[in-house]
Amino acid sequence: MKKIELKDIWKYGRSPKSYPIWRRPLVIPSFYVSYFLVKAGLKRPTLLSILMIIVGVSGASLLFFNVYWFKVLGCGLILFSYFIDLMDGKVARMIGKANKTGKFLDWNYHVTVSSIALFGIGFSSYTNTGRTIYLLLGFVCAWAMIMKTYMHSTYLHFLRDINLKKGVVADEFERESDKEYNRFIKGGMQKFYNYFGRLFFDATDLWFLLLVCVLFRVDRYLLIVLGFLYLGLFLVSFYLKYRKLYETEEKT
C-alpha cells in the first residue's frame, strides 16, 4: 500500500470544479473515512461498490411504499449510497487499484437507482391517489432515464467508429463524453445547468432534489415536471445526436 499523507487531501479529497454546491459537503468527510479504511487494511474497493449498490437499491425500493417515513429513509439511504460511492473511488486511487471495472459499476449504479426511485414515486403516488397517470409518469421517467443513458452511449460508440474510419484518434470514452457535454452546454448555460438544471437531469443530483420534495410531500408534483422535461429532452437530444452523426459521416 502506498503511503498516504494527510496533505494528500488535495489530491484525493478536494471537490472537482464541476461539482455543484450540494455535493461538496460530502467530499471531504468521504476522504477521511476512505483514509481510515485504507489505513485499516481495506484492499478491495469493489466491496464498497457492492455495498453502494445494495444500499442504493434498497433505499430506492422504499419509495414504492406510501409511507412518509419510509420515503424519507429511502432517500437517506440513497444519499448514503452516494457517500459510499465517493469512498470506493478514493480508496481505489489510494491503493493504486482504480480501473474501468469500477467505473462500469459506478455508471450503471446511478442510472439504476434513479430509475427505480422514479418508478417507486410513481407507484406510491398511484396507491395514494388511485390515479393511473402517476403510475404512467413513473414509468415514463424511469424509461427516459435509462434510454437517455443508452442513447448517449450508443451515440458516442458510433461517433468514435466514424472518427476512427476517418483516421481520427479516438479519446477515452469518458473524455469523449465530457467533450460532448461541453459542446452542447456552453458559457452561461453551463453555469445555469451546474447550479440548477442538473438537479433535474443528472441521475445523481436528482437524489438531492428528491429528498427535499419527499420531505415537503411534493414528490408527485416533481414527477409531473420530470415527465414533461424528460420526454422533451429525449426528443431534442435524439435529433441533435442524429444530426451530428449524419453530418460527421457525410464528411467522410
# chains A, B, ... in the order shown; residues from 1 in each chain; ligands from 1
>>> residues_around(residues="Val214 of chain A", least_positions_apart="4", cutoff="10 Å", atoms="only C-alpha atoms", output="list in words")
Leu63, Tyr68, Trp69, Lys71, Val72, Gly74, Cys75, Ile121, Leu209, Leu210, Val218, Asp219, Arg220 and Leu222 of chain A
>>> write_last_selection(atoms="N, CA and C atoms", output="PDB file, in the first residue's frame")
ATOM      1  N   LEU A  63     -39.172   3.697  -1.717  1.00  0.00           N
ATOM      2  CA  LEU A  63     -40.038   4.742  -2.268  1.00  0.00           C
ATOM      3  C   LEU A  63     -41.318   4.183  -2.874  1.00  0.00           C
ATOM      4  N   TYR A  68     -44.746   7.970   4.659  1.00  0.00           N
ATOM      5  CA  TYR A  68     -43.866   9.137   4.641  1.00  0.00           C
ATOM      6  C   TYR A  68     -42.452   8.814   5.117  1.00  0.00           C
ATOM      7  N   TRP A  69     -42.339   8.203   6.298  1.00  0.00           N
ATOM      8  CA  TRP A  69     -41.012   7.971   6.865  1.00  0.00           C
ATOM      9  C   TRP A  69     -40.242   6.894   6.107  1.00  0.00           C
ATOM     10  N   LYS A  71     -40.313   6.746   2.873  1.00  0.00           N
ATOM     11  CA  LYS A  71     -39.754   7.517   1.759  1.00  0.00           C
ATOM     12  C   LYS A  71     -38.550   8.350   2.205  1.00  0.00           C
ATOM     13  N   VAL A  72     -38.671   8.981   3.378  1.00  0.00           N
ATOM     14  CA  VAL A  72     -37.557   9.776   3.899  1.00  0.00           C
ATOM     15  C   VAL A  72     -36.339   8.884   4.136  1.00  0.00           C
ATOM     16  N   GLY A  74     -35.762   6.063   2.665  1.00  0.00           N
ATOM     17  CA  GLY A  74     -35.285   5.633   1.351  1.00  0.00           C
ATOM     18  C   GLY A  74     -34.365   6.662   0.722  1.00  0.00           C
ATOM     19  N   CYS A  75     -34.764   7.934   0.765  1.00  0.00           N
ATOM     20  CA  CYS A  75     -33.918   8.996   0.214  1.00  0.00           C
ATOM     21  C   CYS A  75     -32.611   9.121   0.990  1.00  0.00           C
ATOM     22  N   ILE A 121     -41.711   6.368  -6.862  1.00  0.00           N
ATOM     23  CA  ILE A 121     -42.514   7.556  -6.559  1.00  0.00           C
ATOM     24  C   ILE A 121     -43.832   7.510  -7.328  1.00  0.00           C
ATOM     25  N   LEU A 209     -32.560  16.596  -4.854  1.00  0.00           N
ATOM     26  CA  LEU A 209     -33.858  17.237  -5.083  1.00  0.00           C
ATOM     27  C   LEU A 209     -34.994  16.340  -4.611  1.00  0.00           C
ATOM     28  N   LEU A 210     -34.857  15.058  -4.834  1.00  0.00           N
ATOM     29  CA  LEU A 210     -35.899  14.114  -4.445  1.00  0.00           C
ATOM     30  C   LEU A 210     -36.098  14.109  -2.936  1.00  0.00           C
ATOM     31  N   VAL A 218     -44.098  16.801  -1.807  1.00  0.00           N
ATOM     32  CA  VAL A 218     -44.459  17.274  -3.150  1.00  0.00           C
ATOM     33  C   VAL A 218     -43.789  16.417  -4.228  1.00  0.00           C
ATOM     34  N   ASP A 219     -43.430  15.189  -3.877  1.00  0.00           N
ATOM     35  CA  ASP A 219     -42.714  14.322  -4.818  1.00  0.00           C
ATOM     36  C   ASP A 219     -43.560  13.981  -6.049  1.00  0.00           C
ATOM     37  N   ARG A 220     -44.880  13.891  -5.880  1.00  0.00           N
ATOM     38  CA  ARG A 220     -45.730  13.566  -7.038  1.00  0.00           C
ATOM     39  C   ARG A 220     -45.719  14.706  -8.064  1.00  0.00           C
ATOM     40  N   LEU A 222     -43.162  16.730  -8.517  1.00  0.00           N
ATOM     41  CA  LEU A 222     -41.853  16.627  -9.168  1.00  0.00           C
ATOM     42  C   LEU A 222     -41.930  15.637 -10.318  1.00  0.00           C
TER      43      LEU A 222
END
>>> residues_around(residues="segment 129-142 of chain A", least_positions_apart="3", cutoff="9 Å", atoms="only C-alpha atoms", output="PDB file with C-alpha atoms, in the first residue's frame")
ATOM      1  CA  VAL A 111     -28.980   5.191 -13.524  1.00  0.00           C
ATOM      2  CA  THR A 112     -30.414   2.008 -11.975  1.00  0.00           C
ATOM      3  CA  SER A 114     -32.614   6.729 -10.133  1.00  0.00           C
ATOM      4  CA  SER A 115     -34.894   4.669 -12.397  1.00  0.00           C
ATOM      5  CA  ILE A 116     -36.132   2.507  -9.510  1.00  0.00           C
ATOM      6  CA  ALA A 117     -36.666   5.615  -7.359  1.00  0.00           C
ATOM      7  CA  LEU A 118     -38.683   7.432 -10.021  1.00  0.00           C
ATOM      8  CA  PHE A 119     -40.914   4.463 -10.715  1.00  0.00           C
ATOM      9  CA  GLY A 120     -41.275   3.979  -6.960  1.00  0.00           C
ATOM     10  CA  ILE A 121     -42.514   7.556  -6.559  1.00  0.00           C
ATOM     11  CA  GLY A 122     -44.987   6.954  -9.388  1.00  0.00           C
ATOM     12  CA  PHE A 123     -46.243   3.732  -7.806  1.00  0.00           C
ATOM     13  CA  SER A 124     -46.649   5.210  -4.314  1.00  0.00           C
ATOM     14  CA  SER A 125     -48.432   8.263  -5.752  1.00  0.00           C
ATOM     15  CA  TYR A 126     -50.767   5.911  -7.611  1.00  0.00           C
ATOM     16  CA  MET A 145     -33.637   7.917 -17.525  1.00  0.00           C
ATOM     17  CA  ILE A 146     -32.465   4.568 -18.906  1.00  0.00           C
ATOM     18  CA  MET A 147     -32.927   5.473 -22.569  1.00  0.00           C
ATOM     19  CA  ARG A 220     -45.730  13.566  -7.038  1.00  0.00           C
ATOM     20  CA  LEU A 223     -42.809  13.544 -11.160  1.00  0.00           C
ATOM     21  CA  ILE A 224     -45.149  15.609 -13.346  1.00  0.00           C
ATOM     22  CA  LEU A 226     -39.839  15.446 -14.785  1.00  0.00           C
ATOM     23  CA  GLY A 227     -42.210  13.597 -17.097  1.00  0.00           C
ATOM     24  CA  PHE A 228     -42.538  16.584 -19.431  1.00  0.00           C
ATOM     25  CA  TYR A 230     -37.536  14.099 -19.832  1.00  0.00           C
ATOM     26  CA  LEU A 231     -39.735  13.489 -22.851  1.00  0.00           C
TER      27      LEU A 231
END
>>> select_by_dssp(residues="segment 45-218 of chain A", states="helix (DSSP H, G or I)", output="compact mmCIF listing (two decimals) with N, CA and C atoms, in the first residue's frame")
# COMPACT_ATOMS: atom_id res chain seq x y z
N PRO A 45 -11.62 -2.32 -2.98
CA PRO A 45 -12.64 -1.25 -3.10
C PRO A 45 -13.92 -1.74 -3.75
N THR A 46 -13.86 -2.87 -4.46
CA THR A 46 -15.08 -3.42 -5.08
C THR A 46 -16.12 -3.77 -4.01
N LEU A 47 -15.66 -4.12 -2.81
CA LEU A 47 -16.59 -4.42 -1.71
C LEU A 47 -17.44 -3.18 -1.39
N LEU A 48 -16.80 -2.02 -1.44
CA LEU A 48 -17.55 -0.77 -1.22
C LEU A 48 -18.54 -0.54 -2.35
N SER A 49 -18.14 -0.87 -3.57
CA SER A 49 -19.04 -0.70 -4.73
C SER A 49 -20.28 -1.58 -4.59
N ILE A 50 -20.07 -2.81 -4.15
CA ILE A 50 -21.19 -3.74 -3.96
C ILE A 50 -22.11 -3.23 -2.85
N LEU A 51 -21.51 -2.76 -1.74
CA LEU A 51 -22.30 -2.20 -0.64
C LEU A 51 -23.09 -0.99 -1.12
N MET A 52 -22.45 -0.15 -1.94
CA MET A 52 -23.09 1.04 -2.51
C MET A 52 -24.35 0.67 -3.29
N ILE A 53 -24.24 -0.37 -4.11
CA ILE A 53 -25.38 -0.80 -4.93
C ILE A 53 -26.50 -1.35 -4.05
N ILE A 54 -26.15 -2.16 -3.07
CA ILE A 54 -27.16 -2.75 -2.17
C ILE A 54 -27.91 -1.66 -1.41
N VAL A 55 -27.17 -0.72 -0.84
CA VAL A 55 -27.78 0.37 -0.07
C VAL A 55 -28.64 1.25 -0.98
N GLY A 56 -28.12 1.59 -2.16
CA GLY A 56 -28.86 2.45 -3.08
C GLY A 56 -30.15 1.83 -3.57
N VAL A 57 -30.09 0.57 -3.99
CA VAL A 57 -31.29 -0.12 -4.49
C VAL A 57 -32.30 -0.32 -3.36
N SER A 58 -31.81 -0.62 -2.16
CA SER A 58 -32.70 -0.78 -1.00
C SER A 58 -33.43 0.52 -0.70
N GLY A 59 -32.69 1.64 -0.74
CA GLY A 59 -33.31 2.94 -0.50
C GLY A 59 -34.34 3.29 -1.56
N ALA A 60 -34.00 3.04 -2.82
CA ALA A 60 -34.94 3.33 -3.91
C ALA A 60 -36.20 2.48 -3.80
N SER A 61 -36.05 1.24 -3.34
CA SER A 61 -37.20 0.33 -3.21
C SER A 61 -38.18 0.81 -2.14
N LEU A 62 -37.67 1.51 -1.12
CA LEU A 62 -38.55 2.02 -0.07
C LEU A 62 -39.50 3.09 -0.58
N TYR A 68 -44.75 7.97 4.66
CA TYR A 68 -43.87 9.14 4.64
C TYR A 68 -42.45 8.81 5.12
N TRP A 69 -42.34 8.20 6.30
CA TRP A 69 -41.01 7.97 6.87
C TRP A 69 -40.24 6.89 6.11
N PHE A 70 -40.94 5.98 5.44
CA PHE A 70 -40.27 5.02 4.58
C PHE A 70 -39.58 5.76 3.42
N LYS A 71 -40.31 6.75 2.87
CA LYS A 71 -39.75 7.52 1.76
C LYS A 71 -38.55 8.35 2.20
N VAL A 72 -38.67 8.98 3.38
CA VAL A 72 -37.56 9.78 3.90
C VAL A 72 -36.34 8.88 4.14
N LEU A 73 -36.59 7.72 4.74
CA LEU A 73 -35.50 6.77 4.97
C LEU A 73 -34.90 6.31 3.65
N GLY A 74 -35.76 6.06 2.66
CA GLY A 74 -35.29 5.63 1.35
C GLY A 74 -34.36 6.66 0.72
N CYS A 75 -34.76 7.93 0.77
CA CYS A 75 -33.92 9.00 0.21
C CYS A 75 -32.61 9.12 0.99
N GLY A 76 -32.70 8.94 2.32
CA GLY A 76 -31.49 8.98 3.14
C GLY A 76 -30.52 7.87 2.77
N LEU A 77 -31.05 6.68 2.52
CA LEU A 77 -30.20 5.55 2.13
C LEU A 77 -29.57 5.78 0.75
N ILE A 78 -30.34 6.37 -0.15
CA ILE A 78 -29.80 6.66 -1.48
C ILE A 78 -28.63 7.64 -1.37
N LEU A 79 -28.79 8.68 -0.56
CA LEU A 79 -27.69 9.64 -0.40
C LEU A 79 -26.51 9.02 0.33
N PHE A 80 -26.80 8.10 1.26
CA PHE A 80 -25.70 7.41 1.93
C PHE A 80 -24.94 6.52 0.94
N SER A 81 -25.67 5.93 0.00
CA SER A 81 -25.01 5.12 -1.03
C SER A 81 -24.10 6.00 -1.89
N TYR A 82 -24.48 7.26 -2.08
CA TYR A 82 -23.63 8.19 -2.82
C TYR A 82 -22.36 8.48 -2.03
N PHE A 83 -22.50 8.58 -0.72
CA PHE A 83 -21.32 8.78 0.15
C PHE A 83 -20.36 7.60 0.00
N ILE A 84 -20.91 6.39 -0.06
CA ILE A 84 -20.08 5.20 -0.27
C ILE A 84 -19.46 5.24 -1.67
N ASP A 85 -20.22 5.74 -2.62
CA ASP A 85 -19.73 5.88 -3.99
C ASP A 85 -18.50 6.78 -4.03
N LEU A 86 -18.52 7.87 -3.26
CA LEU A 86 -17.36 8.75 -3.19
C LEU A 86 -16.16 8.03 -2.60
N MET A 87 -16.42 7.14 -1.65
CA MET A 87 -15.33 6.45 -0.97
C MET A 87 -14.67 5.38 -1.83
N ASP A 88 -15.46 4.61 -2.59
CA ASP A 88 -14.84 3.49 -3.32
C ASP A 88 -13.82 3.97 -4.34
N GLY A 89 -14.11 5.10 -4.99
CA GLY A 89 -13.15 5.65 -5.95
C GLY A 89 -11.89 6.15 -5.27
N LYS A 90 -12.06 6.82 -4.12
CA LYS A 90 -10.91 7.34 -3.40
C LYS A 90 -10.03 6.21 -2.88
N VAL A 91 -10.67 5.18 -2.33
CA VAL A 91 -9.90 4.03 -1.83
C VAL A 91 -9.13 3.38 -2.98
N ALA A 92 -9.79 3.22 -4.12
CA ALA A 92 -9.15 2.59 -5.28
C ALA A 92 -7.92 3.38 -5.72
N ARG A 93 -8.03 4.71 -5.73
CA ARG A 93 -6.90 5.53 -6.14
C ARG A 93 -5.79 5.53 -5.10
N MET A 94 -6.17 5.49 -3.83
CA MET A 94 -5.17 5.49 -2.76
C MET A 94 -4.30 4.23 -2.77
N LYS A 100 -11.31 0.38 -14.94
CA LYS A 100 -12.54 0.61 -15.70
C LYS A 100 -13.70 -0.25 -15.17
N THR A 101 -13.39 -1.38 -14.55
CA THR A 101 -14.45 -2.22 -13.98
C THR A 101 -15.22 -1.47 -12.91
N GLY A 102 -14.48 -0.72 -12.08
CA GLY A 102 -15.12 0.09 -11.05
C GLY A 102 -15.99 1.17 -11.64
N LYS A 103 -15.51 1.79 -12.73
CA LYS A 103 -16.31 2.82 -13.39
C LYS A 103 -17.58 2.24 -14.00
N PHE A 104 -17.48 1.00 -14.52
CA PHE A 104 -18.65 0.33 -15.08
C PHE A 104 -19.73 0.16 -14.02
N LEU A 105 -19.33 -0.33 -12.83
CA LEU A 105 -20.29 -0.48 -11.73
C LEU A 105 -20.87 0.87 -11.34
N ASP A 106 -20.00 1.86 -11.27
CA ASP A 106 -20.40 3.19 -10.82
C ASP A 106 -21.43 3.82 -11.76
N TRP A 107 -21.16 3.81 -13.06
CA TRP A 107 -22.04 4.46 -14.03
C TRP A 107 -23.41 3.79 -14.07
N ASN A 108 -23.43 2.47 -14.01
CA ASN A 108 -24.70 1.75 -14.09
C ASN A 108 -25.51 1.86 -12.79
N TYR A 109 -24.81 1.99 -11.68
CA TYR A 109 -25.49 2.10 -10.39
C TYR A 109 -26.33 3.37 -10.31
N HIS A 110 -25.80 4.49 -10.79
CA HIS A 110 -26.51 5.76 -10.70
C HIS A 110 -27.84 5.71 -11.46
N VAL A 111 -27.78 5.23 -12.69
CA VAL A 111 -28.98 5.19 -13.52
C VAL A 111 -30.00 4.20 -12.97
N THR A 112 -29.52 3.04 -12.51
CA THR A 112 -30.41 2.01 -11.98
C THR A 112 -31.17 2.51 -10.75
N VAL A 113 -30.44 3.10 -9.81
CA VAL A 113 -31.07 3.60 -8.58
C VAL A 113 -32.07 4.71 -8.90
N SER A 114 -31.70 5.63 -9.78
CA SER A 114 -32.61 6.73 -10.13
C SER A 114 -33.88 6.21 -10.81
N SER A 115 -33.73 5.22 -11.69
CA SER A 115 -34.89 4.67 -12.40
C SER A 115 -35.85 3.97 -11.43
N ILE A 116 -35.30 3.18 -10.51
CA ILE A 116 -36.13 2.51 -9.51
C ILE A 116 -36.84 3.54 -8.63
N ALA A 117 -36.10 4.58 -8.22
CA ALA A 117 -36.67 5.61 -7.36
C ALA A 117 -37.81 6.35 -8.04
N LEU A 118 -37.64 6.69 -9.30
CA LEU A 118 -38.68 7.43 -10.02
C LEU A 118 -39.94 6.59 -10.22
N PHE A 119 -39.74 5.33 -10.56
CA PHE A 119 -40.91 4.46 -10.71
C PHE A 119 -41.57 4.21 -9.35
N GLY A 120 -40.74 4.14 -8.31
CA GLY A 120 -41.28 3.98 -6.96
C GLY A 120 -42.15 5.14 -6.55
N ILE A 121 -41.71 6.37 -6.86
CA ILE A 121 -42.51 7.56 -6.56
C ILE A 121 -43.83 7.51 -7.33
N GLY A 122 -43.76 7.07 -8.58
CA GLY A 122 -44.99 6.95 -9.39
C GLY A 122 -45.94 5.93 -8.80
N PHE A 123 -45.40 4.80 -8.36
CA PHE A 123 -46.24 3.73 -7.81
C PHE A 123 -46.89 4.17 -6.49
N SER A 124 -46.10 4.78 -5.61
CA SER A 124 -46.65 5.21 -4.31
C SER A 124 -47.68 6.33 -4.49
N SER A 125 -47.45 7.20 -5.47
CA SER A 125 -48.43 8.26 -5.75
C SER A 125 -49.72 7.67 -6.30
N TYR A 126 -49.58 6.61 -7.08
CA TYR A 126 -50.77 5.91 -7.61
C TYR A 126 -51.57 5.25 -6.49
N THR A 127 -50.88 4.58 -5.56
CA THR A 127 -51.59 3.92 -4.46
C THR A 127 -52.24 4.94 -3.52
N ASN A 128 -51.66 6.14 -3.46
CA ASN A 128 -52.19 7.17 -2.57
C ASN A 128 -53.41 7.86 -3.17
N THR A 129 -53.38 8.07 -4.49
CA THR A 129 -54.45 8.84 -5.13
C THR A 129 -55.40 7.99 -5.98
N THR A 132 -54.10 6.67 -12.27
CA THR A 132 -53.17 5.90 -13.10
C THR A 132 -52.11 6.77 -13.74
N ILE A 133 -52.38 8.05 -13.89
CA ILE A 133 -51.44 8.95 -14.54
C ILE A 133 -50.10 8.97 -13.82
N TYR A 134 -50.12 8.83 -12.48
CA TYR A 134 -48.86 8.84 -11.73
C TYR A 134 -48.04 7.58 -12.00
N LEU A 135 -48.73 6.46 -12.15
CA LEU A 135 -48.04 5.21 -12.49
C LEU A 135 -47.40 5.33 -13.87
N LEU A 136 -48.14 5.93 -14.79
CA LEU A 136 -47.62 6.13 -16.14
C LEU A 136 -46.42 7.09 -16.13
N LEU A 137 -46.53 8.18 -15.37
CA LEU A 137 -45.43 9.14 -15.28
C LEU A 137 -44.19 8.50 -14.67
N GLY A 138 -44.39 7.66 -13.66
CA GLY A 138 -43.26 6.97 -13.05
C GLY A 138 -42.54 6.09 -14.05
N PHE A 139 -43.34 5.38 -14.86
CA PHE A 139 -42.75 4.52 -15.90
C PHE A 139 -42.02 5.35 -16.95
N VAL A 140 -42.64 6.44 -17.39
CA VAL A 140 -42.04 7.29 -18.42
C VAL A 140 -40.71 7.87 -17.93
N CYS A 141 -40.69 8.36 -16.69
CA CYS A 141 -39.46 8.95 -16.15
C CYS A 141 -38.36 7.90 -16.02
N ALA A 142 -38.71 6.70 -15.53
CA ALA A 142 -37.73 5.64 -15.39
C ALA A 142 -37.21 5.20 -16.76
N TRP A 143 -38.13 5.06 -17.72
CA TRP A 143 -37.74 4.67 -19.09
C TRP A 143 -36.84 5.72 -19.72
N ALA A 144 -37.19 6.99 -19.56
CA ALA A 144 -36.40 8.08 -20.15
C ALA A 144 -35.01 8.15 -19.52
N MET A 145 -34.93 7.91 -18.21
CA MET A 145 -33.64 7.92 -17.52
C MET A 145 -32.71 6.85 -18.10
N ILE A 146 -33.26 5.67 -18.34
CA ILE A 146 -32.46 4.57 -18.91
C ILE A 146 -32.12 4.84 -20.36
N MET A 147 -33.11 5.30 -21.13
CA MET A 147 -32.93 5.47 -22.57
C MET A 147 -31.96 6.60 -22.90
N LYS A 148 -31.97 7.68 -22.13
CA LYS A 148 -31.05 8.78 -22.44
C LYS A 148 -29.61 8.34 -22.21
N THR A 149 -29.39 7.47 -21.23
CA THR A 149 -28.05 6.94 -20.99
C THR A 149 -27.65 5.98 -22.09
N TYR A 150 -28.58 5.12 -22.49
CA TYR A 150 -28.31 4.16 -23.57
C TYR A 150 -28.05 4.91 -24.88
N MET A 151 -28.87 5.91 -25.17
CA MET A 151 -28.71 6.67 -26.41
C MET A 151 -27.37 7.40 -26.43
N HIS A 152 -26.97 7.97 -25.30
CA HIS A 152 -25.70 8.68 -25.24
C HIS A 152 -24.52 7.73 -25.47
N SER A 153 -24.61 6.54 -24.88
CA SER A 153 -23.53 5.56 -25.04
C SER A 153 -23.42 5.08 -26.48
N THR A 154 -24.57 4.76 -27.11
CA THR A 154 -24.52 4.29 -28.49
C THR A 154 -24.09 5.42 -29.44
N TYR A 155 -24.50 6.65 -29.13
CA TYR A 155 -24.09 7.79 -29.93
C TYR A 155 -22.57 7.94 -29.93
N LEU A 156 -21.97 7.89 -28.74
CA LEU A 156 -20.51 8.00 -28.65
C LEU A 156 -19.81 6.83 -29.31
N HIS A 157 -20.41 5.65 -29.21
CA HIS A 157 -19.84 4.46 -29.85
C HIS A 157 -19.76 4.65 -31.37
N PHE A 158 -20.86 5.06 -31.98
CA PHE A 158 -20.87 5.22 -33.43
C PHE A 158 -20.05 6.44 -33.87
N LEU A 159 -20.02 7.49 -33.04
CA LEU A 159 -19.20 8.66 -33.37
C LEU A 159 -17.72 8.29 -33.37
N ARG A 160 -17.32 7.48 -32.41
CA ARG A 160 -15.92 7.01 -32.38
C ARG A 160 -15.61 6.15 -33.59
N ASP A 161 -16.56 5.29 -33.99
CA ASP A 161 -16.34 4.44 -35.17
C ASP A 161 -16.16 5.28 -36.43
N ILE A 162 -16.99 6.33 -36.57
CA ILE A 162 -16.88 7.21 -37.74
C ILE A 162 -15.54 7.93 -37.75
N ASN A 163 -15.14 8.44 -36.58
CA ASN A 163 -13.87 9.17 -36.49
C ASN A 163 -12.68 8.24 -36.73
N LEU A 164 -12.75 7.02 -36.24
CA LEU A 164 -11.67 6.06 -36.47
C LEU A 164 -11.55 5.73 -37.96
N LYS A 165 -12.69 5.64 -38.62
CA LYS A 165 -12.70 5.37 -40.06
C LYS A 165 -12.03 6.51 -40.83
N PHE A 173 -13.47 6.99 -23.62
CA PHE A 173 -14.92 7.19 -23.64
C PHE A 173 -15.32 8.32 -22.70
N GLU A 174 -14.76 8.34 -21.50
CA GLU A 174 -15.15 9.33 -20.51
C GLU A 174 -14.79 10.74 -20.98
N ARG A 175 -13.63 10.90 -21.61
CA ARG A 175 -13.23 12.20 -22.12
C ARG A 175 -14.10 12.62 -23.30
N GLU A 176 -14.42 11.66 -24.15
CA GLU A 176 -15.31 11.95 -25.28
C GLU A 176 -16.67 12.42 -24.77
N SER A 177 -17.14 11.78 -23.70
CA SER A 177 -18.43 12.16 -23.11
C SER A 177 -18.38 13.59 -22.58
N ASP A 178 -17.27 13.95 -21.93
CA ASP A 178 -17.11 15.31 -21.41
C ASP A 178 -17.08 16.33 -22.55
N LYS A 179 -16.42 15.96 -23.64
CA LYS A 179 -16.35 16.86 -24.79
C LYS A 179 -17.75 17.15 -25.34
N GLU A 180 -18.57 16.10 -25.45
CA GLU A 180 -19.92 16.28 -25.97
C GLU A 180 -20.76 17.12 -25.03
N TYR A 181 -20.57 16.91 -23.74
CA TYR A 181 -21.28 17.72 -22.74
C TYR A 181 -20.93 19.19 -22.90
N ASN A 182 -19.63 19.49 -23.06
CA ASN A 182 -19.18 20.88 -23.21
C ASN A 182 -19.61 21.46 -24.55
N ARG A 183 -19.80 20.62 -25.56
CA ARG A 183 -20.23 21.10 -26.87
C ARG A 183 -21.69 21.56 -26.85
N PHE A 184 -22.53 20.83 -26.11
CA PHE A 184 -23.95 21.15 -26.06
C PHE A 184 -24.27 22.23 -25.03
N GLY A 187 -20.78 28.25 -21.91
CA GLY A 187 -20.87 29.58 -21.31
C GLY A 187 -21.84 29.69 -20.15
N GLY A 188 -22.72 30.69 -20.26
CA GLY A 188 -23.70 30.93 -19.20
C GLY A 188 -24.64 29.77 -18.99
N MET A 189 -24.95 29.06 -20.08
CA MET A 189 -25.83 27.90 -19.97
C MET A 189 -25.21 26.83 -19.08
N GLN A 190 -23.88 26.70 -19.14
CA GLN A 190 -23.19 25.71 -18.32
C GLN A 190 -23.32 26.05 -16.83
N LYS A 191 -23.21 27.34 -16.51
CA LYS A 191 -23.37 27.76 -15.12
C LYS A 191 -24.80 27.51 -14.64
N PHE A 192 -25.75 27.81 -15.49
CA PHE A 192 -27.16 27.57 -15.14
C PHE A 192 -27.41 26.09 -14.89
N TYR A 193 -26.83 25.26 -15.76
CA TYR A 193 -27.00 23.81 -15.61
C TYR A 193 -26.36 23.32 -14.32
N ASN A 194 -25.14 23.77 -14.03
CA ASN A 194 -24.43 23.29 -12.85
C ASN A 194 -25.10 23.72 -11.54
N TYR A 195 -25.74 24.90 -11.54
CA TYR A 195 -26.32 25.41 -10.31
C TYR A 195 -27.82 25.14 -10.18
N PHE A 196 -28.45 24.67 -11.25
CA PHE A 196 -29.89 24.44 -11.18
C PHE A 196 -30.34 23.24 -12.03
N GLY A 197 -30.01 23.25 -13.30
CA GLY A 197 -30.53 22.26 -14.23
C GLY A 197 -30.18 20.83 -13.90
N ARG A 198 -28.96 20.62 -13.39
CA ARG A 198 -28.56 19.24 -13.15
C ARG A 198 -29.34 18.58 -12.01
N LEU A 199 -30.00 19.38 -11.17
CA LEU A 199 -30.87 18.81 -10.14
C LEU A 199 -32.00 18.00 -10.76
N PHE A 200 -32.40 18.35 -11.96
CA PHE A 200 -33.49 17.66 -12.65
C PHE A 200 -32.99 16.60 -13.62
N PHE A 201 -31.83 16.85 -14.24
CA PHE A 201 -31.41 15.99 -15.34
C PHE A 201 -30.31 14.99 -14.99
N ASP A 205 -27.56 14.02 -9.01
CA ASP A 205 -28.04 15.24 -8.36
C ASP A 205 -29.54 15.21 -8.11
N LEU A 206 -30.25 14.44 -8.91
CA LEU A 206 -31.69 14.28 -8.72
C LEU A 206 -32.02 13.76 -7.33
N TRP A 207 -31.13 12.96 -6.75
CA TRP A 207 -31.39 12.39 -5.42
C TRP A 207 -31.52 13.48 -4.35
N PHE A 208 -30.74 14.53 -4.47
CA PHE A 208 -30.80 15.63 -3.50
C PHE A 208 -32.13 16.37 -3.62
N LEU A 209 -32.56 16.60 -4.85
CA LEU A 209 -33.86 17.24 -5.08
C LEU A 209 -34.99 16.34 -4.61
N LEU A 210 -34.86 15.06 -4.83
CA LEU A 210 -35.90 14.11 -4.44
C LEU A 210 -36.10 14.11 -2.94
N LEU A 211 -35.01 14.19 -2.18
CA LEU A 211 -35.12 14.23 -0.72
C LEU A 211 -35.92 15.45 -0.27
N VAL A 212 -35.62 16.60 -0.84
CA VAL A 212 -36.35 17.83 -0.48
C VAL A 212 -37.83 17.69 -0.80
N CYS A 213 -38.13 17.15 -1.99
CA CYS A 213 -39.53 17.00 -2.41
C CYS A 213 -40.28 16.01 -1.52
N VAL A 214 -39.61 14.95 -1.11
CA VAL A 214 -40.24 13.96 -0.22
C VAL A 214 -40.48 14.58 1.16
N LEU A 215 -39.51 15.33 1.66
CA LEU A 215 -39.67 15.97 2.97
C LEU A 215 -40.86 16.91 3.00
>>> atom_distance(atom1="atom CA of Pro25 of chain A", atom2="atom CA of Gly41 of chain A")
25.8 Å
>>> atom_distance(atom1="atom CA of Glu249 of chain A", atom2="atom CA of Leu235 of chain A")
21.2 Å
>>> atom_distance(atom1="atom CA of Phe234 of chain A", atom2="atom CA of Thr204 of chain A")
17.9 Å
